[in-house]
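Undergrad: Mind having a look at this structure? Questions to follow.
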Amino acid sequence: MKQTVFLGTVAAASLVASIGLAQEGSTLAQVKERGELNCGVNTGLVGFAAPDANGNWTGFDVALCRAVAAAVLGDGNKVRFVPTTGQTRFTALASGEVDVLARNSTWTFSRDTDLALDFVGVNYYDGQGFMVRKDLGVTSAKELDGATVCIQTGTTTELNLADYFRANGMNYTPVNIDSNAEGEQQYMAGACDAYTTDVSGLAATRAAFADPENHVILPEIISKEPLGPAVRHGDNNWGDIVRWTLNALIAAEEYGVTSRNIEELVRSSNNPEVQRLLGVSDDLGAMMGLDAEWARRAIMTSGNYGEIFAANIGEQTPIGLARGLNAQWTQGGLLYAPPFR
Amino acid sequence: MSETGAQTVAYVRDTMLPAAPAPQAESGAIRWLRENLFSGPVNTILTLLGIGIVYFLIVTFWDWLAHSVWNAGSLSECREIIAATWGEGARGACWAVIRDRWNQYVFGFYPRDLYWRPTMTMGLMMVALAPVLFAPERRIRRILLVITAAVTLVSMIALSAPAGWLLFAAVMLIGGLVISERNVLWLLPFSVVFPLLGVWLLWGGSLWGPIFVLVGPALGWLAYRAMLRVLPAASVIVAIIVTLLFWLTLAGEAARDAENLLSLSIQSVRSDRFGGFLLSVTIGVSGISLSLPLGIMLALARQSNMFLIKSLAVVFIEFIRGVPLITLLFVASLLLNYFLPPGTTFDIILRVIIMVTLFAAAYMAEVIRGGLAALPKGQYEAADALGLDYWKAQRLIVLPQALKISIPGIVSTFIGMFKDTTLVTFVGLYDPLKSMSDAVRASTDWKGIYWEPYIFVGAIFFLICFGMSRYSMYLERRLQRDHR
């Protein structure tokens, strides 16, 4: 009895105290006052967000959270990672439990409008694909007529799969699974001919198999899955901060600014775009309520976009994703940061 | 004896025959087999079927279990070891993941240098539980407390706890043992204070908070004594109001001021660092110890003659029982934030404990109501005839019997609730079964591992639940008053 009473007292006391102070502050002011960024992440997705044995978070989405924290608070470690499930993620953002949601969430029309979220950009262009056993002899998703397909319920992939098979006049038998781990297990046990999810997930799954050479990822990409960070609708300044932090990371790669050469470039770069980005000339940060060196700190935390990609999901990691669509526009990819001026 | 008999009988054996061994088919293992496994055609078929299933299971899984690997840094290393030891294509269990992530399964993301704090809390909890669970059995208490003290102290030394705290734990544990040997009832005050101590040790922060929480009931008691002379009827209500008012208004401020005067703080640990079995046990133990009294009150309220109290109890019980636990957890984790003022943080573990407690209490109330209903009406009437008032009748006559009848149901509810703590995975807390295992699988080292974490966590849950079940059987035996 006493335990709840005590915690209840604390909660009630803080509630009473905060009613007095309750103000409709901007997210930026709240984050600064708190001294900590609340970032919603996946409870565990290999390469994108996962706690290690000591509870330190690493991953592709996690790096973005740290960059935002560095830009706003000056320290990439001042982040509280809030693990969110597929069901709780958008409500956690809408209810104010997290300030930014970087949880490999697909930017769709209804989420952007109906759910009152603002997707501020795309940090990974993904797409849905199929993995099959090599000895099936299937080389194209068009040959999957009549197949049993393992599919995660409650995700956009489920709808995409139905759309794709209907559009191509094919039939399939779905095997509903709840998580990626279960999907792997069912696929390995032969409960389904094909396993479908985002290609990044398929690649990571295949890499963890005992016999990756016996499985192929089919060339067809059946959906667009632009994954990006989201913020609450209505606080445009905060949206700008997250959007331009992401853009700063992308632009830094385009201009060759890395976490290693950034100090040198601050002193010696003659490129006016780089000078503006790094706060050497013009004070871009002041336009959104930050100081001049915000982008410099964001880039120094875990590197530019390319460095983050390489360290977490790139070809040198066990996941081994190629840049593909996620290359810079100059390299034939889709990454295109608007100009910093 | 008459003389005639001796003359009419021609032959009387006057020595006993030596005992002959029973026929082969009627003795030993064969008899047992015949009676228990092959007593009739149906039984024989079932036995053969059972043997077949066991054989099938062993044949299917034996090689997997036999090829267990305990020392490896990653799943691929496991596979290499298995291939090297038992040949290419062999399969095996990779228990190395448990060894590698053991700390995470037990403590979640609790700071590594503070692991001794949950360990010590667990040890002290056993001391607090001893007078509640094993009041009349000195021998069991002794075994329990000696083992607890030894295990706790050795673990604390192994986890390099600071010397001061080690001394504190030693004094508490050995003191608890000594007191339990002399008069176990003297331990009850510690059992009452322990929840506050446990909260403080687990979450850390200032000791003044728990102290001022204790001050509340003390003030309430003073108010009760004062009111007894003036207006006895309202004394209980006044005492409760005084306590609540103190908690809601003064306690927080007073704790802060006292902390400024004299700091009694230990490093605080946030709720998002809790995980694994630490989280399950924290939620489970709080839920169990809170839901029993709440359930009793609800059951009594539902039996009450007072219309308002009875209706409220019925509405509460039926509402909670009609809603899935996951819904309640979602409400606790998400919906509540919409109602609270922005910027308020209301601890997520506390929210979950409240919801789990309410949920278990509703079921508990119905179990206990069953016990109350099973009691013969004569018992109630006898209590009335003795002139006992309502509370005395409940405390001395009705509840002891009703609770005894309800023990199996109560413990079933506890076991169910403890297993339900794994559902917190849906609100983003790291329960050991799913969230923690998924987090382990999300590291590139252990991606692709599937059965081993489930089997490990399932085994631990089985041990705890089996323990609870055995305790309930022990309790039933001990409380047995009728002649069966």
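Identifiers in this document derive from the order of the structure tokens: chains are assigned A, B, ..., residues are numbered from 1 separately in each chain, and ligands are numbered from 1 in order of occurrence.
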Find the residues around Leu187 in chain B up to 8 Å (only C-alpha atoms counted), leave out those fewer than 3 positions away in its own chain, and share them as a PDB file with C-alpha atoms, in the first residue's frame.
TA:
```
ATOM      1  CA  ALA B 128       9.972  -8.417   5.223  1.00  0.00           C
ATOM      2  CA  PRO B 131       6.735 -12.849   9.180  1.00  0.00           C
ATOM      3  CA  GLY B 176      16.182 -10.049  10.806  1.00  0.00           C
ATOM      4  CA  ILE B 179      14.571 -11.289  15.592  1.00  0.00           C
ATOM      5  CA  SER B 180      12.785 -13.989  13.654  1.00  0.00           C
ATOM      6  CA  ASN B 183       9.751 -13.324  18.196  1.00  0.00           C
ATOM      7  CA  VAL B 184       8.821 -13.022  14.577  1.00  0.00           C
ATOM      8  CA  PHE B 190       9.845  -3.730   9.114  1.00  0.00           C
ATOM      9  CA  SER B 191       7.370  -5.417   6.759  1.00  0.00           C
TER      10      SER B 191
END
```
Undergrad: List every residue of chain B that has an atom at most 6 Å from any atom of chain A, giving for each one its closest atom pair and the distance in Å to one decimal, counting only C-alpha atoms, sorted by chain and then by ascending residue number, as JSON lines.
TA:
```
{"residue": "B:Phe109", "atom": "CA", "partner": "A:Gly55", "partner_atom": "CA", "distance": 4.9}
{"residue": "B:Pro195", "atom": "CA", "partner": "A:Gln3", "partner_atom": "CA", "distance": 5.3}
{"residue": "B:Leu196", "atom": "CA", "partner": "A:Gln3", "partner_atom": "CA", "distance": 5.6}
{"residue": "B:Val213", "atom": "CA", "partner": "A:Phe6", "partner_atom": "CA", "distance": 6.0}
{"residue": "B:Trp247", "atom": "CA", "partner": "A:Thr9", "partner_atom": "CA", "distance": 5.8}
{"residue": "B:Leu248", "atom": "CA", "partner": "A:Ala13", "partner_atom": "CA", "distance": 5.9}
{"residue": "B:Leu290", "atom": "CA", "partner": "A:Met1", "partner_atom": "CA", "distance": 5.5}
{"residue": "B:Asn337", "atom": "CA", "partner": "A:Ser95", "partner_atom": "CA", "distance": 5.6}
{"residue": "B:Tyr338", "atom": "CA", "partner": "A:Ser95", "partner_atom": "CA", "distance": 5.6}
{"residue": "B:Phe346", "atom": "CA", "partner": "A:Ala11", "partner_atom": "CA", "distance": 5.8}
{"residue": "B:Gly428", "atom": "CA", "partner": "A:Thr84", "partner_atom": "CA", "distance": 5.1}
{"residue": "B:Ala439", "atom": "CA", "partner": "A:Gly44", "partner_atom": "CA", "distance": 4.7}
{"residue": "B:Ala442", "atom": "CA", "partner": "A:Val46", "partner_atom": "CA", "distance": 4.2}
{"residue": "B:Ser443", "atom": "CA", "partner": "A:Val46", "partner_atom": "CA", "distance": 5.6}
{"residue": "B:Lys447", "atom": "CA", "partner": "A:Ala208", "partner_atom": "CA", "distance": 5.9}
{"residue": "B:Gly448", "atom": "CA", "partner": "A:Ala208", "partner_atom": "CA", "distance": 5.5}
```
Undergrad: Write the residues of the selection above to a file with C-alpha atoms, as an mmCIF file, in the first residue's frame.
TA:
```
data_model
loop_
_atom_site.group_PDB
_atom_site.id
_atom_site.type_symbol
_atom_site.label_atom_id
_atom_site.label_comp_id
_atom_site.auth_asym_id
_atom_site.auth_seq_id
_atom_site.Cartn_x
_atom_site.Cartn_y
_atom_site.Cartn_z
ATOM 1 C CA PHE B 109 19.336 -1.257 -18.226
ATOM 2 C CA PRO B 195 7.752 -0.945 0.598
ATOM 3 C CA LEU B 196 9.018 2.606 1.137
ATOM 4 C CA VAL B 213 5.291 9.860 3.502
ATOM 5 C CA TRP B 247 0.655 14.152 1.494
ATOM 6 C CA LEU B 248 -0.875 16.385 -1.133
ATOM 7 C CA LEU B 290 -1.696 -4.121 -3.241
ATOM 8 C CA ASN B 337 -1.010 12.056 -21.192
ATOM 9 C CA TYR B 338 -3.823 13.879 -22.955
ATOM 10 C CA PHE B 346 3.752 10.636 -14.240
ATOM 11 C CA GLY B 428 7.261 0.107 -24.545
ATOM 12 C CA ALA B 439 16.222 -5.917 -28.041
ATOM 13 C CA ALA B 442 18.237 -6.294 -32.569
ATOM 14 C CA SER B 443 21.968 -6.409 -31.996
ATOM 15 C CA LYS B 447 20.042 -11.404 -34.743
ATOM 16 C CA GLY B 448 18.382 -14.629 -35.840
#
```
Undergrad: At a cut-off of 10 Å, using only C-alpha atoms, what residues contact Gly204 in chain B? Leave out same-chain residues fewer than 5 positions from it and give the result as number ranges by chain.
TA: B: 117, 197-199, 265-270
Undergrad: What residues in range 125-366 of chain B get the DSSP label strand (DSSP E or B)? Please answer as a list in words.
TA: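 Across range 125-366 of chain B, those assigned strand (DSSP E or B) are Gly205, Ser206, Ser265, Ile266 and Gly275 of chain B.
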Undergrad: Hey, which of A:Ile217, A:Ala327, A:Ala63, A:Ala70 ends up closest to Asp291 in chain A? Count only C-alpha atoms.
TA: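 When distances to Asp291 in chain A are compared using only C-alpha atoms, the smallest one comes from A:Ala70.
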Undergrad: Near Gly275 in chain B, within 8 Å and counting only C-alpha atoms, which residues show up once chain neighbours fewer than 5 positions away are dropped, as an mmCIF file with N, CA and C atoms, in the first residue's frame?
TA:
```cif
data_model
loop_
_atom_site.group_PDB
_atom_site.id
_atom_site.type_symbol
_atom_site.label_atom_id
_atom_site.label_comp_id
_atom_site.auth_asym_id
_atom_site.auth_seq_id
_atom_site.Cartn_x
_atom_site.Cartn_y
_atom_site.Cartn_z
ATOM 1 N N GLN B 104 21.275 -8.129 -18.638
ATOM 2 C CA GLN B 104 20.135 -7.417 -19.192
ATOM 3 C C GLN B 104 18.831 -8.122 -18.861
ATOM 4 N N TYR B 105 18.856 -9.444 -18.901
ATOM 5 C CA TYR B 105 17.637 -10.176 -18.585
ATOM 6 C C TYR B 105 17.257 -9.993 -17.120
ATOM 7 N N VAL B 106 18.249 -9.882 -16.251
ATOM 8 C CA VAL B 106 17.947 -9.775 -14.831
ATOM 9 C C VAL B 106 17.654 -8.330 -14.435
ATOM 10 N N PHE B 107 18.509 -7.394 -14.846
ATOM 11 C CA PHE B 107 18.410 -6.025 -14.339
ATOM 12 C C PHE B 107 17.931 -5.023 -15.380
ATOM 13 N N GLY B 108 17.727 -5.429 -16.610
ATOM 14 C CA GLY B 108 17.370 -4.454 -17.632
ATOM 15 C C GLY B 108 18.545 -3.521 -17.896
ATOM 16 N N PHE B 109 18.273 -2.226 -17.951
ATOM 17 C CA PHE B 109 19.336 -1.257 -18.226
ATOM 18 C C PHE B 109 19.741 -0.512 -16.964
ATOM 19 N N TYR B 110 19.490 -1.129 -15.825
ATOM 20 C CA TYR B 110 19.897 -0.546 -14.547
ATOM 21 C C TYR B 110 21.399 -0.282 -14.583
ATOM 22 N N SER B 280 9.616 -7.133 -14.026
ATOM 23 C CA SER B 280 8.514 -8.073 -13.778
ATOM 24 C C SER B 280 8.275 -8.257 -12.288
ATOM 25 N N LEU B 429 7.703 -0.920 -22.369
ATOM 26 C CA LEU B 429 8.588 -1.281 -21.263
ATOM 27 C C LEU B 429 9.265 -2.605 -21.609
ATOM 28 N N TYR B 430 10.465 -2.805 -21.042
ATOM 29 C CA TYR B 430 11.242 -3.977 -21.440
ATOM 30 C C TYR B 430 10.951 -5.174 -20.545
ATOM 31 N N ASP B 431 9.864 -5.883 -20.838
ATOM 32 C CA ASP B 431 9.588 -7.116 -20.134
ATOM 33 C C ASP B 431 10.590 -8.158 -20.606
ATOM 34 N N PRO B 432 10.860 -9.185 -19.777
ATOM 35 C CA PRO B 432 11.913 -10.126 -20.184
ATOM 36 C C PRO B 432 11.545 -10.974 -21.396
ATOM 37 N N MET B 436 12.656 -7.540 -24.174
ATOM 38 C CA MET B 436 14.079 -7.701 -23.929
ATOM 39 C C MET B 436 14.669 -8.661 -24.954
#
```
Undergrad: Could you give me, as a list of chain:residue names, the residues within 12 Å of range 380-395 of chain B, counting only C-alpha atoms and dropping anything in the same chain fewer than 4 positions from it?
TA: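 Counting only the stated atoms, we get B:Ile296, B:Met297, B:Ala299, B:Leu300, B:Gln303, B:Ser304, B:Asn305, B:Leu372, B:Ala373, B:Ala374, B:Leu375, B:Pro376, B:Leu399, B:Pro400, B:Gln401, B:Ala402, B:Leu403.
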Undergrad: Could you save the residues just selected, with C-alpha atoms, as an mmCIF file, in the first residue's frame?
TA:
```cif
data_model
loop_
_atom_site.group_PDB
_atom_site.id
_atom_site.type_symbol
_atom_site.label_atom_id
_atom_site.label_comp_id
_atom_site.auth_asym_id
_atom_site.auth_seq_id
_atom_site.Cartn_x
_atom_site.Cartn_y
_atom_site.Cartn_z
ATOM 1 C CA ILE B 296 -10.874 -7.882 0.055
ATOM 2 C CA MET B 297 -12.362 -4.406 0.404
ATOM 3 C CA ALA B 299 -15.507 -8.151 -2.059
ATOM 4 C CA LEU B 300 -16.837 -6.861 1.245
ATOM 5 C CA GLN B 303 -21.603 -7.947 -0.109
ATOM 6 C CA SER B 304 -22.530 -4.757 1.701
ATOM 7 C CA ASN B 305 -26.092 -3.719 2.480
ATOM 8 C CA LEU B 372 -17.606 -15.440 1.477
ATOM 9 C CA ALA B 373 -20.530 -17.098 -0.254
ATOM 10 C CA ALA B 374 -19.253 -20.568 0.639
ATOM 11 C CA LEU B 375 -19.341 -19.751 4.338
ATOM 12 C CA PRO B 376 -22.427 -21.190 6.099
ATOM 13 C CA LEU B 399 -12.583 -13.406 6.659
ATOM 14 C CA PRO B 400 -10.241 -16.004 8.201
ATOM 15 C CA GLN B 401 -12.543 -18.752 6.977
ATOM 16 C CA ALA B 402 -13.461 -17.141 3.668
ATOM 17 C CA LEU B 403 -9.834 -16.414 2.793
#
```
Undergrad: Rounded to one decimal, what separation in Å do you get between CA of Thr27 in chain A and CA of Arg66 in chain A?
TA: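 Rounded to one decimal, the two atoms are 16.6 Å apart.
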Undergrad: May I have the residues within 7 Å of range 108-119 of chain A as a VMD selection string, using only C-alpha atoms and disregarding those fewer than 5 positions away in the same chain?
TA: chain A and resid 228 to 233
